[in-house]
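One structure is given below, encoded as structure tokens.
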Amino acid sequence: MIRVGLVGCGTIGLAHSLALKAIIRAGHADAAVVATHDVDRGRADAFARAHEGATAATTVDDLLDAVDAVWVCTPTSSHRDIVERAAARGVAVFCEKPLAPTLADAEAMCAAVAAAGVPAQVGLVLRTSPPFVALRDLLADRRFGPVMSVVFRDDQFFPIQGHYGSTWRADAAVAGAGTLLEHSIHDVDALRWCVDEIDDVVAAATAGFAGHEGIEDVATVLLRFAGGAVGTLTSVWHAVLSRPSTRRVEVLCRDGFVWLDDDFAGPVHVETSDGARTIDVDFAPWVHELPGLEADVFLPVKHYATADRGFLDALASGAPPDPGLGEGLVAHRLVADAYSRATSRGKRQRRAPAERQGAQRRRARP
């Protein structure tokens with residue numbers, strides 16, 4: 001039996017807790033959640049009560065000493081420490097995204113996991129989303145010819161309120177950065193996974209309207225793919241509470257147009273010279289049969305269930321977990337490159353008012 005520990009009993013931790021409980025109850029894994037931990041002891045106690053026989057560990061080390069695998073669902077700044085402690089004990093790791101606030105931290109924790117030889121997976125759950133699985137399958141056989149252009153827009157209300165309630169995402173010391181790192185690292189990975197490898201971050205721009213130092217709430221990135229396609233990714237955290245998380249993806253190929261605007265349920269739309277059609281998508285039947293997950297009430301828990309079962313299956317079979325931490329690191333490097341380019345461009349544009357006025361006058365001369 002795989003003994004599982006949950007560190008971090010907030011919103012994402014709850015999604016994994018519900019998913020793991022359902023998977024185990026349905027008999028899809030020989031596993032048990034045996035320990036929980038959170039800086040808020042009351043939350044850890046509540047999570048422990050949800051899993052028969054589980055206890056709330058006083059410290060992270062106590063939990064790691066009692067488990068074979070740990071789900072790291074804490075705020076980003078604490079990921080590296082927990083992952084490195086787990087690796088030192090030979091404990092398998094499922095780490096939520098992004099891996100760390102900085103690229104250097106992400107590289108260090110990946111190196112620690114590799115040196116220890118422990119199985120590790122990153123929580124890039126768009127890879128389990130039926131619309132993105134269908135998009136990948138449609139593009140994989142090049143039935144529509146080469147991909148020419150991709151337009152990806154991701155928006156949600158700033159996740160320090162509503163059902164997210166993660167106030168730490170307004171703190172750069174904890175989150176590392178804003179919407180591009182904390183949210184759209186999913187999107188960077190999905191673009192690599194569905195479309196093609198990303199060869200270059202050509203340009204990027206960021207902005208902040210909410211007033212949180214070091215936390216951008218707008219980011220636009222221009223990308224070039226290995227096959228020659230170009231794409232844009234725009235990520236926005238706004239204050240429209242009726243839009244909790246919305247993604248629209250448009251892929252223009254030489255001989256076809258594929259798009260989606262519901263990243264959870266689909267459908268996927270296809271248009272060619274022969275006409276337009278829609279493709280309905282869904283999870284595997286076992287996902288819909290999971291007890292207690294008949295309806296997703298606050299997050300798409302079924303996506304987490306698919307990822308969690310994949311990790312448990314990999315541990316049981318000895319197969320490499322997918323996506324491994326290395327995939328998260330590739331996305332992290334691309335995001336870091338985007339921030340670097342956005343910072344560089346921002347420095348060139350930050351001129352004094354008199355200098356800007358002089359440049360405008362020079363441009364206006366005949």
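Residues are referred to by chain and number: the chain letter is A, B, ... according to the order shown in the structure tokens, the number counts from 1 in that chain, and ligands are numbered separately from 1 in the order shown.
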Exercise for the section: Please provide as number ranges by chain all residues within 10 Å of range 249-256 of chain A, with the sequence filter that same-chain residues fewer than 5 positions apart are discarded (counting only C-alpha atoms). Expected result: A: 132, 135, 139, 142-154, 187, 191, 195, 229, 231, 233, 261-263, 268-276
Problem - Residue contacts of range 234-238 of chain A (8 Å, only C-alpha atoms) excluding same-chain residues fewer than 6 positions away, as a ChimeraX atom specification - result: /A:152-159,179-180,184,217-221
Handout entry: Atomic separation - CA of Leu223 in chain A relative to CA of Asp282 in chain A, Å
Key = 29.6 Å
Exercise for the section: Measuring atom to atom with only C-alpha atoms, identify which of A:Asp30, A:Asp337, A:Glu327, A:Asp38 is nearest to Glu197 in chain A. Expected result: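 Among the listed residues, the smallest separation from Glu197 in chain A belongs to A:Glu327.
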Completion exercise
Of A:Asp45, A:Leu222, A:Ala22, A:Pro130, the one nearest to Ala284 in chain A when counting only C-alpha atoms is A:Pro130
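With only C-alpha atoms as the atoms that count, the residue of A:His212, A:Lys21, A:His186, A:Arg248 with the shortest distance to Phe47 in chain A is A:Lys21.
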Problem - Atomic separation - CA of Val33 in chain A relative to CA of Ala48 in chain A, Å - result: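 One can read the CA of Ala48 in chain A to CA of Val33 in chain A distance as 8.2 Å.
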